[in-house]
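Report on the following structure.
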4 protein chains.
Amino acid sequence: MHSLTGAIQDADGNITESQQYFSEDNGTFFIRVEFTTALSLAEIIDHIEPVASKYQAEYLIDTVGRKLRTLVLVSKAGHCLNDLLYRQRDNKLQIEIPRVLSNHADLAPLTEFYGIDFEHMRVTDDTSKRAFEERLLEIVETENIELVVLARYMQILSPEFCARLSGKIINIHHSFLPSFKGANPYAQAHDRGVKLIGATAHFVTNELDEGPIIEQNVERVNHKFTREQLISVGQDIESRTLANAVQWFAEHRVFLDGHRSVVFS
Amino acid sequence: MHSLTGAIQDADGNITESQQYFSEDNGTFFIRVEFTTALSLAEIIDHIEPVASKYQAEYLIDTVGRKLRTLVLVSKAGHCLNDLLYRQRDNKLQIEIPRVLSNHADLAPLTEFYGIDFEHMRVTDDTSKRAFEERLLEIVETENIELVVLARYMQILSPEFCARLSGKIINIHHSFLPSFKGANPYAQAHDRGVKLIGATAHFVTNELDEGPIIEQNVERVNHKFTREQLISVGQDIESRTLANAVQWFAEHRVFLDGHRSVVFS
Amino acid sequence: MHSLTGAIQDADGNITESQQYFSEDNGTFFIRVEFTTALSLAEIIDHIEPVASKYQAEYLIDTVGRKLRTLVLVSKAGHCLNDLLYRQRDNKLQIEIPRVLSNHADLAPLTEFYGIDFEHMRVTDDTSKRAFEERLLEIVETENIELVVLARYMQILSPEFCARLSGKIINIHHSFLPSFKGANPYAQAHDRGVKLIGATAHFVTNELDEGPIIEQNVERVNHKFTREQLISVGQDIESRTLANAVQWFAEHRVFLDGHRSVVFS
Amino acid sequence: MHSLTGAIQDADGNITESQQYFSEDNGTFFIRVEFTTALSLAEIIDHIEPVASKYQAEYLIDTVGRKLRTLVLVSKAGHCLNDLLYRQRDNKLQIEIPRVLSNHADLAPLTEFYGIDFEHMRVTDDTSKRAFEERLLEIVETENIELVVLARYMQILSPEFCARLSGKIINIHHSFLPSFKGANPYAQAHDRGVKLIGATAHFVTNELDEGPIIEQNVERVNHKFTREQLISVGQDIESRTLANAVQWFAEHRVFLDGHRSVVFS
């Protein structure tokens with residue numbers, strides 16, 4: 001860390017925020033530093049590169065506040081999409097969304113109200129699924145997408161696709177993982193009689209609902225809640241849990257640490 | 001319900017609190033009524049019995065505020081026991097504890113400070129385990145025990161024992177069930193990188209950590225928490241979750257509804 | 001209560017939900033019953049009226065699920081309005097909004113996207129304020145408004161207006177009342193260094209931010225939060241706190257009990 | 001910060017944890033660093049002193065895990081004391097308590113069970129109050145007390161006393177400050193009909209219940225809660241809120257920032 005702060009100081013940088021974490025699980029050191037400087041990006045790199053090289057560190061330098069180019073995938077449920085769209089326009093979410101891609105047409109009007117392109121491609125079998133993912137990768141490339149958000153997108157992505165965008169896909173799962181993986185978590189929660197229900201924002205990996213957790217929230221329920229009421233309470237939790245995870249990712253506050261995530265929130 | 005309120009009215013009863021619930025899962029109707037009356041218990045039963053009989057209902061009549069006779073089982077960890085003992089002496093918990101039974105001697109001084117008998121029986125193999133459970137049943141009988149609380153008792157009770165005291169044993173599990181059943185839930189929680197940890201008070205059944213849930217609570221944690229810190233945060237949650245469940249049970253607010261529990265809290 | 005359940009039974013009613021509360025503060029008994037029946041409203045009243053009359057009780061009978069006619073007032077901030085509009089269209093909020101009235105024009109497009117009339121009347125002095133309130137009362141009358149929601153409407157309503165619609169105006173205040181009444185609560189919260197910030201949905205009365213509280217929520221913050229970040233966190237809490245209060249009111253679950261409110265949630 | 005990490009590096013120190021904060025309110029920079037080193041305290045100071053001197057910084061160097069010498073003041077209510085005593089013996093709280101001082105005798109047995117001296121001095125008028133505070137200062141001196149904890153001590157300390165131990169006295173107030181300052185906060189909370197009740201651990205200053213807040217927690221309540229039930233729920237919150245604040249203080253994680261506190265939790 002001292003080497004890094006030295007390099008930043010040499011780059012006329014004034015550190016305004018800094019967080020670090022040493023993971024004993026795998027010996028990795030994580031650090032995130034915000035600083036102001038009059039130098040150009042190239043000049044900053046000249047100062048940082050030798051330090052990174054010495055410690056064999058990966059690094060990313062970005063401008064504070066720059067909006068991350070984000071592709072949102074949805075199906076029929078619009079509560080998460082509505083929340084993301086409202087927040088990004090209200091400048092509460094540091095992302096720009098060039099396009100929303102969906103296997104259903106339902107959410108086109110909402111998306112277009114915010115002036116964002118909506119693209120609909122049906123997914124009904126393996127062939128159309130492959131076409132969907134190919135189109136998705138194409139958009140990622142042509143639109144310079146840095147983050148893919150599954151805002152209640154109800155199709156399972158192929159392992160190949162997940163591998164290609166590893167660490168860049170965030171999903172919202174409508175349960176407090178690792179409880180109630182897979183389909184119909186609210187029905188499972190109802191049957192098990194839990195007293196709190198929750199939602200989990202996590203990275204997507206090959207294993208269903210097993211990717212590193214970024215954020216979780218819960219709310220209290222009781223025996224009187226029907227499945228419909230659990231769903232209604234759950235939607236609130238899903239929206240804000242996903243929004244928080246996306247914002248932290250956009251601010252480069254989320255790091256992968258093996259099977260876990262480090263969040264400098 | 002109207003029949004019941006009628007019977008109570010006929011018994012000169014004045015209803016001060018009432019809650020009910022119809023379980024669509026299995027067609028059972030649950031009702032809990034508190035009322036004041038000048039009649040004796042026998043006279044009240046004379047009024048209630050015909051209604052119960054007509055609807056083939058089970059019922060229990062008790063005096064509001066009567067302390068439930070409770071046996072507490074512990075091993076080495078004393079945080080839940082300390083909490084239960086302090087609350088019951090402070091009249092915050094409507095139970096009386098004639099005895100604490102343990103497979104370790106560690107918590108004898110704390111128990112005896114509160115003027116409660118402590119009994120230690122080692123459990124090292126199947127024979128001593130059987131002896132422990134036989135002694136337990138003996139205490140339940142001779143001491144008129146109405147509730148057995150596993151306050152971080154770390155042995156698994158035999159299926160026969162669980163069956164004999166079905167619906168009368170409450171356990172505190174140190175995770176947010178159904179996540180992290182079985183041993184070392186905090187280690188499991190750490191490895192999975194969850195952002196909230198919790199505790200669950202539940203009835204004990206034959207299936208490990210699968211009994212109906214009575215109460216759950218969680219607290220926020222992050223990647224920096226070591227397993228030891230998770231344990232420390234968790235102990236707080238365990239203590240108050242167990243205390244709430246015990247208090248509700250003592251007030252006859254907890255009902256079994258198949259695999260779920262109805263809690264009129 | 002027994003008289004009421006008897007009357008409902010006589011009206012061929014089958015009670016599906018019931019809650020009651022006796023307020024010791026002022027000796028009032030509150031009861032809310034949901035029941036199914038084949039009778040008409042007039043026939044139900046024939047059965048209920050004698051009981052109500054006998055106990056000098058006020059009562060209201062309504063159809064479960066009927067949408068309450070609701071007028072929403074806003075200024076510039078749209079997060080609460082967006083939340084209310086999305087939920088009502090998604091059938092998560094049992095209200096219909098014939099019109100949104102505002103002292104600013106900013107939120108017209110959002111409102112109109114949901115197919116709802118938006119009306120803008122500037123409020124710059126006492127005269128325009130009086131005109132605004134007169135128009136408001138006119139809408140309440142002509143549109144059969146049953147609830148007025150102040151969704152971050154930033155003008156103080158006149159005492160006369162509050163008195164005329166007493167018990168029918170719900171406001172969202174952006175602090176955990178009674179902390180930080182009045183203007184700029186997030187600035188006050190920042191200066192005081194609180195560790196939790198909150199929002200309060202309450203009935204509007206003559207006394208500023210002193211009306212009976214319907215619902216409150218909080219979220220954890222720390223010393224690093226700027227005022228802007230407090231505002232951002234707070235907006236989330238405001239939206240869901242207001243939505244819950246509105247939903248409970250629409251379901252006739254909220255009762256005035258002097259300076260407090262009874263919420264059968 | 002770079003100067004400090006340089007000094008620590010020169011002192012053969014290996015930084016294991018570090019947090020910092022720049023307060024824009026008053027231009028103060030706060031930093032807390034944990035590091036391992038083979039050097040002696042004197043040698044460490046040799047390295048740190050020049051940096052501190054250059055930036056006119058105050059600093060404190062302590063051994064990680066050293067137990068802070070803590071004096072606890074109580075009156076009659078024992079829930080917070082019980083919690084502190086249990087935790088410190090269970091090594092969950094990094095303090096040692098040489099003595100408990102009280103204006104009542106009630107909590108002597110509990111204190112002495114933990115092998116800690118209990119001292120009782122009645123406070124009935126100004127004279128006895130002055131004597132109490134003089135004795136208190138004497139204990140602080142002779143016992144090398146570093147922290148005074150008011151664990152539901154119900155007397156108001158004199159301004160002179162507060163000034164002499166400024167920044168070293170932590171109180172638990174039984175409300176969510178700044179709501180409900182002063183006496184009987186639960187009665188105030190009941191009358192106001194709040195839906196959440198809380199507790200606040202704060203530094204004691206001359207102004208009653210106005211000192212910098214260290215930690216706050218809340219729990220949900222409803223209209224059915226009597227004042228006694230509010231008190232019971234509140235006691236839980238008080239105990240853990242105070243325990244957290246004391247632990248963070250003992251770990252030197254709490255800093256005064258004018259009217260606010262910085263907590264590196």
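Residues in the structure tokens are numbered from 1 in each chain, the chains being A, B, ... in the order shown, and ligands are numbered from 1 in the order shown.
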- request: Step one, run DSSP on the backbone; step two, keep only residues of range 14-133 of chain D assigned to helix (DSSP H, G or I); then write them as an NGL selection string.
  value: :D and (41-54 or 79-89 or 108-113 or 126-133)
How would the residues just chosen look if you wrote them out with C-alpha atoms as a PDB file, in the first residue's frame?
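Below you can see selection.pdb, which holds the result:
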```pdb
ATOM      1  CA  LEU D  41       6.965   1.117  21.682  1.00  0.00           C
ATOM      2  CA  ALA D  42       9.784   3.637  22.167  1.00  0.00           C
ATOM      3  CA  GLU D  43      11.275   2.727  18.805  1.00  0.00           C
ATOM      4  CA  ILE D  44       7.888   3.002  17.110  1.00  0.00           C
ATOM      5  CA  ILE D  45       7.400   6.449  18.598  1.00  0.00           C
ATOM      6  CA  ASP D  46      10.795   7.458  17.257  1.00  0.00           C
ATOM      7  CA  HIS D  47       9.445   6.781  13.792  1.00  0.00           C
ATOM      8  CA  ILE D  48       5.950   8.198  14.242  1.00  0.00           C
ATOM      9  CA  GLU D  49       6.770  11.341  16.197  1.00  0.00           C
ATOM     10  CA  PRO D  50       8.433  13.274  13.354  1.00  0.00           C
ATOM     11  CA  VAL D  51       5.433  12.656  11.083  1.00  0.00           C
ATOM     12  CA  ALA D  52       2.945  13.660  13.784  1.00  0.00           C
ATOM     13  CA  SER D  53       4.975  16.713  14.593  1.00  0.00           C
ATOM     14  CA  LYS D  54       5.198  17.753  10.936  1.00  0.00           C
ATOM     15  CA  HIS D  79     -29.720  -5.585  32.002  1.00  0.00           C
ATOM     16  CA  CYS D  80     -26.858  -3.553  30.551  1.00  0.00           C
ATOM     17  CA  LEU D  81     -24.512  -4.424  33.423  1.00  0.00           C
ATOM     18  CA  ASN D  82     -25.335  -8.126  33.103  1.00  0.00           C
ATOM     19  CA  ASP D  83     -24.592  -7.954  29.418  1.00  0.00           C
ATOM     20  CA  LEU D  84     -21.280  -6.116  29.854  1.00  0.00           C
ATOM     21  CA  LEU D  85     -20.129  -8.458  32.620  1.00  0.00           C
ATOM     22  CA  TYR D  86     -20.988 -11.607  30.702  1.00  0.00           C
ATOM     23  CA  ARG D  87     -19.325 -10.407  27.526  1.00  0.00           C
ATOM     24  CA  GLN D  88     -16.109  -9.256  29.193  1.00  0.00           C
ATOM     25  CA  ARG D  89     -15.708 -12.603  30.960  1.00  0.00           C
ATOM     26  CA  ALA D 108     -23.948  -5.907  44.187  1.00  0.00           C
ATOM     27  CA  PRO D 109     -24.586  -9.681  44.001  1.00  0.00           C
ATOM     28  CA  LEU D 110     -24.486  -9.807  40.209  1.00  0.00           C
ATOM     29  CA  THR D 111     -21.268  -7.770  40.115  1.00  0.00           C
ATOM     30  CA  GLU D 112     -19.593  -9.823  42.816  1.00  0.00           C
ATOM     31  CA  PHE D 113     -20.537 -13.078  41.077  1.00  0.00           C
ATOM     32  CA  ASP D 126     -26.255  17.969  46.230  1.00  0.00           C
ATOM     33  CA  THR D 127     -23.797  17.132  48.997  1.00  0.00           C
ATOM     34  CA  SER D 128     -23.952  13.395  48.476  1.00  0.00           C
ATOM     35  CA  LYS D 129     -23.863  13.919  44.732  1.00  0.00           C
ATOM     36  CA  ARG D 130     -20.668  15.935  45.057  1.00  0.00           C
ATOM     37  CA  ALA D 131     -19.187  13.244  47.272  1.00  0.00           C
ATOM     38  CA  PHE D 132     -20.128  10.602  44.696  1.00  0.00           C
ATOM     39  CA  GLU D 133     -18.408  12.474  41.899  1.00  0.00           C
TER      40      GLU D 133
END
```
Tell me as a CSV table (one decimal) with C-alpha atoms, in the first residue's frame which residues belonging to chain D come within 8 Å of chain A, counting only C-alpha atoms.
```csv
chain,number,residue,atom,x,y,z
D,1,MET,CA,-1.3,9.2,5.0
D,2,HIS,CA,1.6,8.4,2.8
D,5,THR,CA,2.6,4.5,6.1
D,6,GLY,CA,6.2,5.4,5.3
D,9,GLN,CA,7.2,0.8,7.0
D,16,THR,CA,-3.0,-5.3,8.6
D,17,GLU,CA,-5.9,-2.9,8.8
D,18,SER,CA,-6.3,0.8,7.9
D,19,GLN,CA,-9.1,3.2,7.7
D,20,GLN,CA,-9.2,6.9,7.2
D,21,TYR,CA,-11.6,9.8,6.9
D,22,PHE,CA,-11.3,13.4,6.0
```
- request: Kindly give the distance, in Å, that separates CA of Val100 in chain A and CA of Glu138 in chain A, rounded to a single decimal.
  value: 13.6 Å
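The neighbours of Ser261 in chain B here are the residues that come within 6 Å of it, using only C-alpha atoms and leaving out any residue fewer than 5 positions away in the same chain; they are B:Pro212, B:Phe255, B:Leu256.
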field: strand (DSSP E or B) call set, DSSP backbone run, range 84-240 of chain A, as a VMD selection string
entry: chain A and resid 95 to 102 117 to 120 147 to 150 169 to 173 196 to 203 213 to 220
query: Contacts of Leu71 in chain A at 7 Å or less, counting only C-alpha atoms, minus same-chain residues fewer than 2 places along, as number ranges by chain?
result: A: 69, 73, 97-100, 145, 147-149
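With only C-alpha atoms as the atoms that count, the residue of C:Gly27, C:Gly234, C:Gly65, C:Gly258 with the shortest distance to His174 in chain C is C:Gly234.
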statement: A straight line from CA of Ala105 in chain B to CA of Asn171 in chain B spans 20.3 Å
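Distance annotation: of B:Ser158, B:Ser75, B:Ser175, B:Gln235, the residue with the minimal separation from Glu207 in chain B is B:Ser158; atom set is only C-alpha atoms.
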task: Considering only C-alpha atoms, return as a PyMOL selection string whatever protein or nucleic-acid residues lie within 10 Å of Arg66 in chain A, sequence-local ones (same chain, fewer than 5 positions apart) excluded.
output: chain A and resi 94-96+250-251
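When CA of Glu210 in chain A is paired with CA of Tyr186 in chain A, their separation reads 18.0 Å.
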Nearby residues (only C-alpha atoms) at most 9 Å from Ala38 in chain A, same-chain spacing under 6 positions excluded, as a PDB file with N, CA, C and O atoms, in the first residue's frame:
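Output contents, as saved in around.pdb:
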```pdb
ATOM      1  N   ALA A  11       2.458  11.307  -8.409  1.00  0.00           N
ATOM      2  CA  ALA A  11       1.626  11.766  -9.527  1.00  0.00           C
ATOM      3  C   ALA A  11       0.798  12.980  -9.134  1.00  0.00           C
ATOM      4  O   ALA A  11      -0.242  13.253  -9.734  1.00  0.00           O
ATOM      5  N   ASP A  12       1.251  13.697  -8.123  1.00  0.00           N
ATOM      6  CA  ASP A  12       0.536  14.894  -7.642  1.00  0.00           C
ATOM      7  C   ASP A  12      -0.891  14.574  -7.215  1.00  0.00           C
ATOM      8  O   ASP A  12      -1.781  15.425  -7.303  1.00  0.00           O
ATOM      9  N   GLY A  13      -1.100  13.345  -6.788  1.00  0.00           N
ATOM     10  CA  GLY A  13      -2.450  12.928  -6.403  1.00  0.00           C
ATOM     11  C   GLY A  13      -2.750  13.244  -4.947  1.00  0.00           C
ATOM     12  O   GLY A  13      -1.875  13.153  -4.084  1.00  0.00           O
TER      13      GLY A  13
END
```
